[in-house]
Amino acid sequence: MFTLAGVACGLAPSAGPLIPARGLQRLGAALLAPQTRALVVSVFPAQRRGTAMGVWGMVAGLATLSGPTLGGILVSIVGWRWIFLVDVPIGAAALVLTYLVVPHERNGRGHRFDLVGVPIATAALFCLAFGLQEGERYGWGAGIWGLLAAGFARCSATGTSP
């Protein structure tokens, strides 16, 4: 999804098609991020998992720091479309390498969508984000503190990182 949406972004003739394509690309990225951590946990043995997660975090941090700079360079040299199109060969290589290198493991558990937990976690994260972003506008009143407390309590109870 991320790679195909990157193609759509890079080929978009105007902002109209670019905006939904970018939304799909972000959705693809949001679906991809937890899968990479889960893959590290399932592939590496317990004694090497900490190192593997450290490398994962370092790569994610370097990407976060270097992405805007490299994107600016690409925009300056070859144009805005290339900030999306540069991901296409990388995504294609990642798909091929995943198929060739990553072991196909199934743990035998069935998976289901948590119809109760997802809305609760979403509401908790909304309370935290809204409270932190809009607290000053609303004078850090009791309502804002209530939202922050509710969001933090819910995240703490479910193990969701605030």
# chains A, B, ... in the order shown; residues from 1 in each chain; ligands from 1
$ residues_around --residues "Trp80 of chain A" --least-positions-apart "3" --cutoff "12 Å" --atoms "only C-alpha atoms" --output "list in words"
Cys9, Gly10, Leu11, Ala12, Pro13, Ser14, Leu18, Leu70, Gly71, Gly72, Ile73, Leu74, Val75, Ser76, Ile77, Ile83, Phe84, Leu85 and Val86 of chain A
$ select_by_dssp --residues "segment 51-156 of chain A" --states "alpha helix (DSSP H)" --output "ChimeraX atom specification"
/A:51-77,82-85,87-101,117-134,142-156
$ residues_around --residues "segment 43-55 of chain A" --least-positions-apart "4" --cutoff "9 Å" --atoms "only C-alpha atoms" --output "ChimeraX atom specification"
/A:37-39,59-60,102-103,105
$ write_last_selection --atoms "N, CA, C and O atoms" --output "compact mmCIF listing (two decimals), in the first residue's frame"
# COMPACT_ATOMS: atom_id res chain seq x y z
N ARG A 37 8.22 -4.05 14.00
CA ARG A 37 8.60 -4.39 15.38
C ARG A 37 8.18 -5.82 15.72
O ARG A 37 8.92 -6.56 16.37
N ALA A 38 6.98 -6.20 15.29
CA ALA A 38 6.52 -7.56 15.55
C ALA A 38 7.41 -8.59 14.86
O ALA A 38 7.69 -9.66 15.41
N LEU A 39 7.88 -8.25 13.68
CA LEU A 39 8.77 -9.14 12.95
C LEU A 39 10.09 -9.31 13.69
O LEU A 39 10.61 -10.43 13.82
N VAL A 59 17.72 2.98 13.32
CA VAL A 59 17.37 3.20 11.92
C VAL A 59 16.14 4.12 11.82
O VAL A 59 16.12 5.05 11.00
N ALA A 60 15.15 3.89 12.67
CA ALA A 60 13.96 4.76 12.66
C ALA A 60 14.34 6.19 13.02
O ALA A 60 13.85 7.15 12.40
N VAL A 102 12.76 -13.33 4.97
CA VAL A 102 12.01 -13.45 6.22
C VAL A 102 11.31 -14.80 6.28
O VAL A 102 10.59 -15.17 5.34
N PRO A 103 11.51 -15.53 7.37
CA PRO A 103 10.84 -16.83 7.48
C PRO A 103 9.33 -16.67 7.60
O PRO A 103 8.84 -15.73 8.21
N GLU A 105 6.36 -17.66 9.32
CA GLU A 105 6.00 -18.30 10.58
C GLU A 105 4.54 -18.02 10.91
O GLU A 105 4.06 -16.92 10.72
$ residues_around --residues "Ala129 of chain A" --least-positions-apart "6" --cutoff "10 Å" --atoms "only C-alpha atoms" --output "number ranges by chain"
A: 123, 135, 147-148, 151, 162
$ atom_distance --atom1 "atom CA of Gln133 of chain A" --atom2 "atom CA of Trp145 of chain A"
12.2 Å
$ atom_distance --atom1 "atom CA of Ala30 of chain A" --atom2 "atom CA of Gly6 of chain A"
14.0 Å
$ closest_residue --among "A:Tyr99, A:Phe126, A:Gly57, A:Arg154" --to "Thr36 of chain A" --atoms "only C-alpha atoms"
A:Gly57
